[in-house]
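Data block for work_25.cif (mmCIF, C-alpha atoms):
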data_upload
#
loop_
_atom_site.label_atom_id
_atom_site.label_comp_id
_atom_site.auth_asym_id
_atom_site.auth_seq_id
_atom_site.Cartn_x
_atom_site.Cartn_y
_atom_site.Cartn_z
CA MET Y 1 0.00 0.00 0.00
CA SER Y 2 1.49 3.31 -1.00
CA GLU Y 3 1.71 6.07 1.54
CA ALA Y 4 -0.88 8.79 1.03
CA THR Y 5 0.80 11.92 -0.26
CA PHE Y 6 -0.20 15.48 0.46
CA PRO Y 7 -1.56 17.08 -2.73
CA THR Y 8 0.28 20.18 -3.86
CA GLY Y 9 -1.83 23.31 -3.55
CA ARG Y 10 -1.31 26.52 -5.42
CA VAL Y 11 -2.54 30.05 -4.81
CA GLU Y 12 -2.05 32.98 -7.17
CA LEU Y 13 -2.62 36.65 -6.46
CA GLU Y 14 -2.37 39.75 -8.60
CA ILE Y 15 -2.31 42.94 -6.60
CA PRO Y 16 -2.22 46.62 -7.52
CA ALA Y 17 1.18 48.20 -6.79
CA ARG Y 18 -0.05 49.77 -3.55
CA THR Y 19 1.55 49.21 -0.17
CA GLU Y 20 -1.85 48.65 1.48
CA PHE Y 21 -1.91 45.26 -0.26
CA VAL Y 22 1.27 43.92 1.38
CA SER Y 23 -0.59 42.78 4.50
CA LEU Y 24 -3.09 40.90 2.32
CA VAL Y 25 -0.24 39.03 0.59
CA ARG Y 26 1.30 38.13 3.97
CA LEU Y 27 -2.04 36.87 5.20
CA VAL Y 28 -2.74 34.71 2.14
CA VAL Y 29 0.77 33.22 1.94
CA ALA Y 30 0.93 32.50 5.68
CA SER Y 31 -2.54 30.91 5.63
CA ALA Y 32 -1.58 28.78 2.63
CA ALA Y 33 1.72 27.73 4.26
CA GLU Y 34 -0.09 26.66 7.43
CA ILE Y 35 -1.98 24.07 5.37
CA GLY Y 36 1.34 22.27 4.76
CA PRO Y 37 1.39 19.19 6.99
CA ASP Y 38 4.85 19.71 8.53
CA MET Y 39 5.23 23.48 8.50
CA SER Y 40 6.10 24.85 11.93
CA VAL Y 41 4.67 28.13 13.21
CA ASP Y 42 8.18 29.64 13.36
CA ARG Y 43 8.91 28.83 9.75
CA VAL Y 44 5.59 30.30 8.63
CA GLU Y 45 6.62 33.44 10.50
CA ASP Y 46 10.00 33.52 8.72
CA LEU Y 47 8.20 33.17 5.40
CA ARG Y 48 5.78 35.95 6.33
CA VAL Y 49 8.67 38.40 6.85
CA ALA Y 50 10.54 37.29 3.70
CA VAL Y 51 7.38 37.61 1.57
CA SER Y 52 6.64 41.02 3.05
CA GLU Y 53 10.09 42.27 2.02
CA ALA Y 54 9.89 40.90 -1.51
CA THR Y 55 6.33 42.16 -2.09
CA THR Y 56 7.11 45.63 -0.78
CA ASN Y 57 10.20 45.82 -3.01
CA ALA Y 58 8.11 44.74 -6.01
CA ILE Y 59 5.47 47.41 -5.32
CA GLU Y 60 8.14 50.07 -4.91
CA ALA Y 61 9.76 48.95 -8.18
CA HIS Y 62 6.45 49.55 -9.99
CA ASN Y 63 5.98 52.91 -8.34
CA GLU Y 64 9.53 53.99 -9.23
CA SER Y 65 9.16 52.95 -12.87
CA GLY Y 66 5.64 54.37 -13.17
CA SER Y 67 4.22 50.95 -14.09
CA ASN Y 68 0.46 50.48 -13.78
CA GLU Y 69 0.79 46.70 -14.03
CA ARG Y 70 -0.08 44.42 -11.17
CA VAL Y 71 2.43 42.59 -9.02
CA GLY Y 72 2.11 38.81 -9.21
CA VAL Y 73 2.47 36.41 -6.30
CA GLN Y 74 2.36 32.63 -6.64
CA CYS Y 75 2.48 30.30 -3.68
CA ALA Y 76 2.85 26.53 -4.00
CA VAL Y 77 2.44 24.37 -0.90
CA SER Y 78 3.62 20.76 -0.92
CA GLU Y 79 4.56 18.19 1.68
CA ASP Y 80 8.22 19.22 1.60
CA GLU Y 81 8.22 22.97 1.16
CA VAL Y 82 6.42 26.21 0.42
CA VAL Y 83 7.64 28.04 -2.67
CA VAL Y 84 6.66 31.68 -3.22
CA MET Y 85 7.39 33.59 -6.43
CA ILE Y 86 6.99 37.37 -6.53
CA HIS Y 87 7.05 38.98 -9.96
CA ASP Y 88 7.31 42.66 -10.80
CA GLN Y 89 7.77 44.61 -14.03
CA GLY Y 90 9.96 47.38 -12.64
CA HIS Y 91 13.34 48.43 -13.98
CA GLY Y 92 15.23 45.77 -12.02
CA PHE Y 93 18.43 46.05 -10.03
CA ASP Y 94 21.72 44.23 -9.65
CA PRO Y 95 21.63 42.18 -6.43
CA ALA Y 96 25.46 42.08 -6.52
CA ASN Y 97 25.52 45.84 -5.93
CA LEU Y 98 23.90 45.61 -2.50
CA GLU Y 99 26.30 46.78 0.17
CA ALA Y 100 27.27 44.49 3.02
CA LEU Y 101 25.98 45.59 6.42
CA PRO Y 102 28.52 47.18 8.78
CA ALA Y 103 29.04 45.49 12.16
CA PRO Y 104 26.17 46.18 14.59
CA GLU Y 105 28.35 48.00 17.12
CA SER Y 106 29.69 50.32 14.44
CA PRO Y 107 28.20 53.86 14.41
CA GLU Y 108 28.03 53.36 10.65
CA ARG Y 109 25.37 50.71 11.16
CA LEU Y 110 22.78 53.30 12.11
CA ARG Y 111 23.04 54.72 8.61
CA TYR Y 112 21.12 51.64 7.59
CA GLU Y 113 17.56 52.72 8.16
CA SER Y 114 16.77 50.86 4.98
CA GLY Y 115 18.56 48.15 3.07
CA LEU Y 116 17.86 45.35 5.52
CA GLY Y 117 15.09 43.90 3.35
CA VAL Y 118 17.14 41.69 1.03
CA PHE Y 119 19.35 40.67 3.94
CA LEU Y 120 16.28 39.54 5.92
CA MET Y 121 14.87 37.60 2.95
CA GLN Y 122 18.14 35.71 2.59
CA ALA Y 123 18.50 35.12 6.32
CA LEU Y 124 14.96 33.85 6.93
CA ALA Y 125 14.18 31.74 3.84
CA ASP Y 126 15.86 28.38 3.27
CA GLU Y 127 16.38 29.36 -0.36
CA SER Y 128 16.13 32.82 -1.87
CA GLU Y 129 16.88 33.75 -5.42
CA ILE Y 130 16.63 37.15 -7.11
CA MET Y 131 16.47 37.20 -10.89
CA SER Y 132 16.46 40.80 -12.07
CA GLY Y 133 16.69 42.49 -15.45
CA PRO Y 134 15.60 45.72 -17.14
CA THR Y 135 12.04 44.41 -17.63
CA GLY Y 136 11.43 43.22 -14.10
CA THR Y 137 12.41 41.12 -11.14
CA ASP Y 138 11.43 37.64 -9.99
CA VAL Y 139 12.09 36.64 -6.40
CA ARG Y 140 11.82 32.98 -5.43
CA LEU Y 141 11.56 32.14 -1.74
CA VAL Y 142 11.49 28.61 -0.36
CA VAL Y 143 10.87 27.46 3.19
CA TYR Y 144 11.26 23.77 3.98
CA SER Y 145 8.83 21.73 6.04
CA SER Y 146 10.19 20.27 9.28
CA LYS Y 147 10.01 16.84 7.62
CA ARG Y 148 12.31 17.89 4.76
CA ALA Y 149 14.58 19.88 7.08
CA SER Y 150 15.15 16.77 9.22
CA THR Y 151 15.90 14.48 6.26
CA ASP Y 152 18.18 16.86 4.31
CA MET S 1 -4.37 52.87 9.45
CA GLN S 2 -2.12 49.97 10.32
CA ILE S 3 -1.19 50.80 13.92
CA VAL S 4 -2.63 52.35 17.07
CA VAL S 5 -0.28 54.35 19.34
CA HIS S 6 -0.92 55.60 22.87
CA THR S 7 1.60 57.81 24.67
CA HIS S 8 2.10 58.18 28.43
CA LEU S 9 4.85 59.20 30.83
CA VAL S 10 6.72 57.00 33.31
CA ASP S 11 9.19 59.12 35.32
CA SER S 12 11.37 60.86 32.71
CA TRP S 13 10.45 58.35 29.99
CA THR S 14 7.87 58.84 27.25
CA VAL S 15 6.29 55.47 26.59
CA LEU S 16 4.70 54.86 23.18
CA THR S 17 2.46 51.80 23.36
CA VAL S 18 2.10 50.44 19.83
CA ALA S 19 -0.39 47.87 18.50
CA GLY S 20 -0.57 46.53 14.95
CA GLU S 21 1.88 45.70 12.17
CA LEU S 22 5.14 47.64 11.66
CA ASP S 23 5.63 47.33 7.92
CA VAL S 24 5.77 49.71 4.97
CA VAL S 25 2.40 51.17 6.07
CA GLY S 26 2.64 50.99 9.89
CA GLY S 27 6.32 52.02 10.05
CA PRO S 28 5.79 55.54 8.65
CA GLU S 29 2.77 55.96 10.94
CA LEU S 30 5.00 55.27 13.95
CA ARG S 31 7.60 57.68 12.58
CA GLN S 32 4.99 60.45 12.69
CA HIS S 33 4.27 59.71 16.36
CA VAL S 34 8.02 59.80 17.11
CA MET S 35 8.34 63.18 15.37
CA THR S 36 5.46 64.54 17.44
CA ALA S 37 6.98 63.23 20.69
CA THR S 38 10.49 64.56 20.00
CA GLN S 39 9.22 67.92 18.75
CA THR S 40 7.53 68.42 22.09
CA GLY S 41 10.84 67.81 23.88
CA ALA S 42 10.81 64.09 24.65
CA SER S 43 14.29 62.53 24.37
CA ASN S 44 14.00 59.36 26.47
CA LEU S 45 11.59 57.03 24.71
CA VAL S 46 10.28 53.54 25.31
CA PHE S 47 8.43 51.73 22.51
CA ASP S 48 6.17 49.13 24.10
CA LEU S 49 5.75 46.72 21.16
CA THR S 50 3.85 44.07 23.16
CA GLY S 51 0.86 44.58 20.86
CA VAL S 52 2.92 44.41 17.65
CA ASP S 53 2.48 41.06 15.92
CA PHE S 54 4.58 41.74 12.85
CA ILE S 55 7.73 43.68 11.98
CA ASP S 56 9.84 43.74 8.82
CA SER S 57 12.73 45.88 7.59
CA PHE S 58 10.52 48.95 7.26
CA GLY S 59 9.54 48.75 10.91
CA LEU S 60 13.18 48.14 11.86
CA GLY S 61 14.17 51.21 9.84
CA VAL S 62 11.81 53.37 11.88
CA LEU S 63 13.22 51.98 15.16
CA VAL S 64 16.78 52.72 14.03
CA GLY S 65 15.78 56.19 12.78
CA ALA S 66 14.13 56.99 16.12
CA LEU S 67 17.22 55.83 18.03
CA LYS S 68 19.44 58.10 15.94
CA ARG S 69 17.07 61.00 16.51
CA VAL S 70 17.04 60.74 20.31
CA ARG S 71 20.78 60.07 20.54
CA MET S 72 21.42 63.38 18.79
CA VAL S 73 19.94 65.05 21.88
CA ASP S 74 21.67 62.61 24.29
CA GLY S 75 18.47 60.68 24.82
CA ASP S 76 17.78 56.97 24.52
CA LEU S 77 15.22 54.59 23.02
CA ARG S 78 14.40 51.28 24.66
CA LEU S 79 12.18 48.52 23.34
CA VAL S 80 9.68 46.24 25.04
CA ILE S 81 9.23 43.08 22.95
CA PRO S 82 8.02 40.01 24.86
CA GLU S 83 6.84 38.27 21.66
CA ARG S 84 9.64 35.90 20.62
CA ARG S 85 8.72 35.89 16.95
CA VAL S 86 8.94 39.68 16.64
CA ARG S 87 12.15 39.71 18.65
CA ARG S 88 13.70 37.15 16.31
CA VAL S 89 13.59 39.64 13.41
CA LEU S 90 15.67 42.11 15.45
CA ASP S 91 18.06 39.37 16.57
CA VAL S 92 18.66 38.21 12.99
CA CYS S 93 19.76 41.77 12.12
CA ASP S 94 21.96 41.98 15.26
CA LEU S 95 19.83 44.88 16.52
CA ASP S 96 19.75 43.23 19.96
CA ARG S 97 23.26 44.70 20.24
CA VAL S 98 22.07 48.20 19.39
CA PHE S 99 18.93 48.45 21.55
CA VAL S 100 17.99 47.62 25.12
CA ILE S 101 15.21 45.06 24.54
CA ALA S 102 13.17 43.91 27.55
CA ASP S 103 9.98 42.01 28.36
CA THR S 104 8.32 44.84 30.31
CA VAL S 105 8.43 48.64 30.43
CA GLU S 106 9.72 48.50 34.02
CA ILE S 107 12.68 46.28 33.08
CA ALA S 108 13.44 48.39 29.99
CA ILE S 109 13.61 51.60 32.02
CA GLY S 110 15.74 50.01 34.75
CA ALA S 111 18.25 48.43 32.35
CA GLU S 112 21.81 49.60 31.79
CA PRO S 113 22.10 51.61 28.55
CA VAL S 114 23.80 50.06 25.52
CA ALA S 115 27.31 51.49 25.03
CA TRP S 116 27.69 53.48 21.84
CA SER S 117 30.10 55.97 20.31
CA LYS S 118 29.08 59.20 18.61
#
Could I get this structure in the form of structure tokens?
Amino acid sequence: MSEATFPTGRVELEIPARTEFVSLVRLVVASAAEIGPDMSVDRVEDLRVAVSEATTNAIEAHNESGSNERVGVQCAVSEDEVVVMIHDQGHGFDPANLEALPAPESPERLRYESGLGVFLMQALADESEIMSGPTGTDVRLVVYSSKRASTD
Amino acid sequence: MQIVVHTHLVDSWTVLTVAGELDVVGGPELRQHVMTATQTGASNLVFDLTGVDFIDSFGLGVLVGALKRVRMVDGDLRLVIPERRVRRVLDVCDLDRVFVIADTVEIAIGAEPVAWSK
């Protein structure tokens, strides 16, 4: 008898490039992730922060480029992981150009009122990938289930 | 409106009790409250974030901006964050080494300040 497998679920959202919609994206992605059979509350929380950063960046990219297009969010929940893709049609950026953060005790660190977003995405997701070009940016965030994390 | 802020005094400290989400919407709202408090002469602030259930880099940016603002007038900013999940976001960014972070307003006010150089 084969073991019953958890069916992969998929949610897609298209939101206007307005910051008021970031909390809706967090809510939908976190609720979807909680359906995963082995997703711990802490990991859902990590994903919530990472998705918030990526979605806000996408909205700001549209606002900076004057785009009226919607920002796309796809969330796929399976037994092993939650994968979230955030797509924008802004002007893109070079992730390699992001500055490294100064040490926390350095007075220089307090210059960094912004710029922690990409750092947080990378620190909190198990996988994070930024694919950016002149016609837009795709961010892929993956958080593993506790089952996968324990077998990897 | 993403957040609700109430302000009261405890000794020489101005305590801002914040409820809601400190993100790209709630962060700037808090910044406005900080401006109002500092413009009326407050330099020792406590943010009681017990009622905050979410923070991301935009919220962190406002905390760091507020700390810089009060340090310019030799004041201080202390944080009350009992919720472990919110605290984790600050810890990941090493901001636990920049701020006094406590579980209650009383402990935050009584704590030794974090050493810093101008």
Q. On this structure, which residues satisfy the PyMOL selection byres ((chain S) within 10 of (chain Y)), written as a count of residues only?
A. 40
What's around Gln89 in chain Y at 12 Å? Count all atoms listed in the file, leave out sequence neighbours fewer than 6 positions away in its own chain, and write the answer as an mmCIF file with C-alpha atoms, keeping the file's coordinate frame.
data_model
loop_
_atom_site.group_PDB
_atom_site.id
_atom_site.type_symbol
_atom_site.label_atom_id
_atom_site.label_comp_id
_atom_site.auth_asym_id
_atom_site.auth_seq_id
_atom_site.Cartn_x
_atom_site.Cartn_y
_atom_site.Cartn_z
ATOM 1 C CA ALA Y 17 1.180 48.200 -6.790
ATOM 2 C CA ASN Y 57 10.200 45.820 -3.010
ATOM 3 C CA ALA Y 58 8.110 44.740 -6.010
ATOM 4 C CA ILE Y 59 5.470 47.410 -5.320
ATOM 5 C CA GLU Y 60 8.140 50.070 -4.910
ATOM 6 C CA ALA Y 61 9.760 48.950 -8.180
ATOM 7 C CA HIS Y 62 6.450 49.550 -9.990
ATOM 8 C CA ASN Y 63 5.980 52.910 -8.340
ATOM 9 C CA GLU Y 64 9.530 53.990 -9.230
ATOM 10 C CA SER Y 65 9.160 52.950 -12.870
ATOM 11 C CA GLY Y 66 5.640 54.370 -13.170
ATOM 12 C CA SER Y 67 4.220 50.950 -14.090
ATOM 13 C CA ASN Y 68 0.460 50.480 -13.780
ATOM 14 C CA GLU Y 69 0.790 46.700 -14.030
ATOM 15 C CA ARG Y 70 -0.080 44.420 -11.170
ATOM 16 C CA VAL Y 71 2.430 42.590 -9.020
ATOM 17 C CA GLY Y 72 2.110 38.810 -9.210
ATOM 18 C CA MET Y 131 16.470 37.200 -10.890
ATOM 19 C CA SER Y 132 16.460 40.800 -12.070
ATOM 20 C CA GLY Y 133 16.690 42.490 -15.450
ATOM 21 C CA PRO Y 134 15.600 45.720 -17.140
ATOM 22 C CA THR Y 135 12.040 44.410 -17.630
ATOM 23 C CA GLY Y 136 11.430 43.220 -14.100
ATOM 24 C CA THR Y 137 12.410 41.120 -11.140
ATOM 25 C CA ASP Y 138 11.430 37.640 -9.990
ATOM 26 C CA VAL Y 139 12.090 36.640 -6.400
#
Q | Result set of the PyMOL selection byres ((chain Y and resi 36) around 12) on the coordinates above, as an MDAnalysis selection string | A | chainID Y and resid 5:10 29:35 37:41 43:44 75:83 143:148
To verify the selection step, state as a PDB file with C-alpha atoms, in the coordinates of the input which residues the PyMOL selection byres ((chain S and resi 52) around 6) yields on this input.
ATOM      1  CA  ALA S  19      -0.390  47.870  18.500  1.00  0.00           C
ATOM      2  CA  GLY S  20      -0.570  46.530  14.950  1.00  0.00           C
ATOM      3  CA  GLU S  21       1.880  45.700  12.170  1.00  0.00           C
ATOM      4  CA  LEU S  49       5.750  46.720  21.160  1.00  0.00           C
ATOM      5  CA  THR S  50       3.850  44.070  23.160  1.00  0.00           C
ATOM      6  CA  GLY S  51       0.860  44.580  20.860  1.00  0.00           C
ATOM      7  CA  ASP S  53       2.480  41.060  15.920  1.00  0.00           C
ATOM      8  CA  PHE S  54       4.580  41.740  12.850  1.00  0.00           C
TER       9      PHE S  54
END
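CA of Val100 in chain S lies 23.0 Å from CA of Gln39 in chain S.
Across the structure, CA of Val25 in chain Y and CA of Gly92 in chain Y are spaced 21.1 Å apart.
CA of Glu127 in chain Y is positioned 16.4 Å from CA of Thr55 in chain Y.
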Q.
Counting all atoms listed in the file, which residues sit no farther than 7 Å from the position (16.2, 59.5, 24.1) in the file's frame? I'd like them as an MDAnalysis selection string.
A. chainID S and resid 43:45 70:71 74:77
Q.
Quick one: residues within 9 Å of Val46 in chain S, all atoms listed in the file, excluding same-chain residues fewer than 4 positions away - as a PyMOL selection string?
A. chain S and resi 13-17+76-80+105+108-109
Please produce an output containing C-alpha atoms for each residue in the selection, written as a tab-separated table (two decimals), in the coordinates of the input.
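To be explicit, this is the file written out as result_19.tsv:
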chain	number	residue	atom	x	y	z
S	13	TRP	CA	10.45	58.35	29.99
S	14	THR	CA	7.87	58.84	27.25
S	15	VAL	CA	6.29	55.47	26.59
S	16	LEU	CA	4.70	54.86	23.18
S	17	THR	CA	2.46	51.80	23.36
S	76	ASP	CA	17.78	56.97	24.52
S	77	LEU	CA	15.22	54.59	23.02
S	78	ARG	CA	14.40	51.28	24.66
S	79	LEU	CA	12.18	48.52	23.34
S	80	VAL	CA	9.68	46.24	25.04
S	105	VAL	CA	8.43	48.64	30.43
S	108	ALA	CA	13.44	48.39	29.99
S	109	ILE	CA	13.61	51.60	32.02
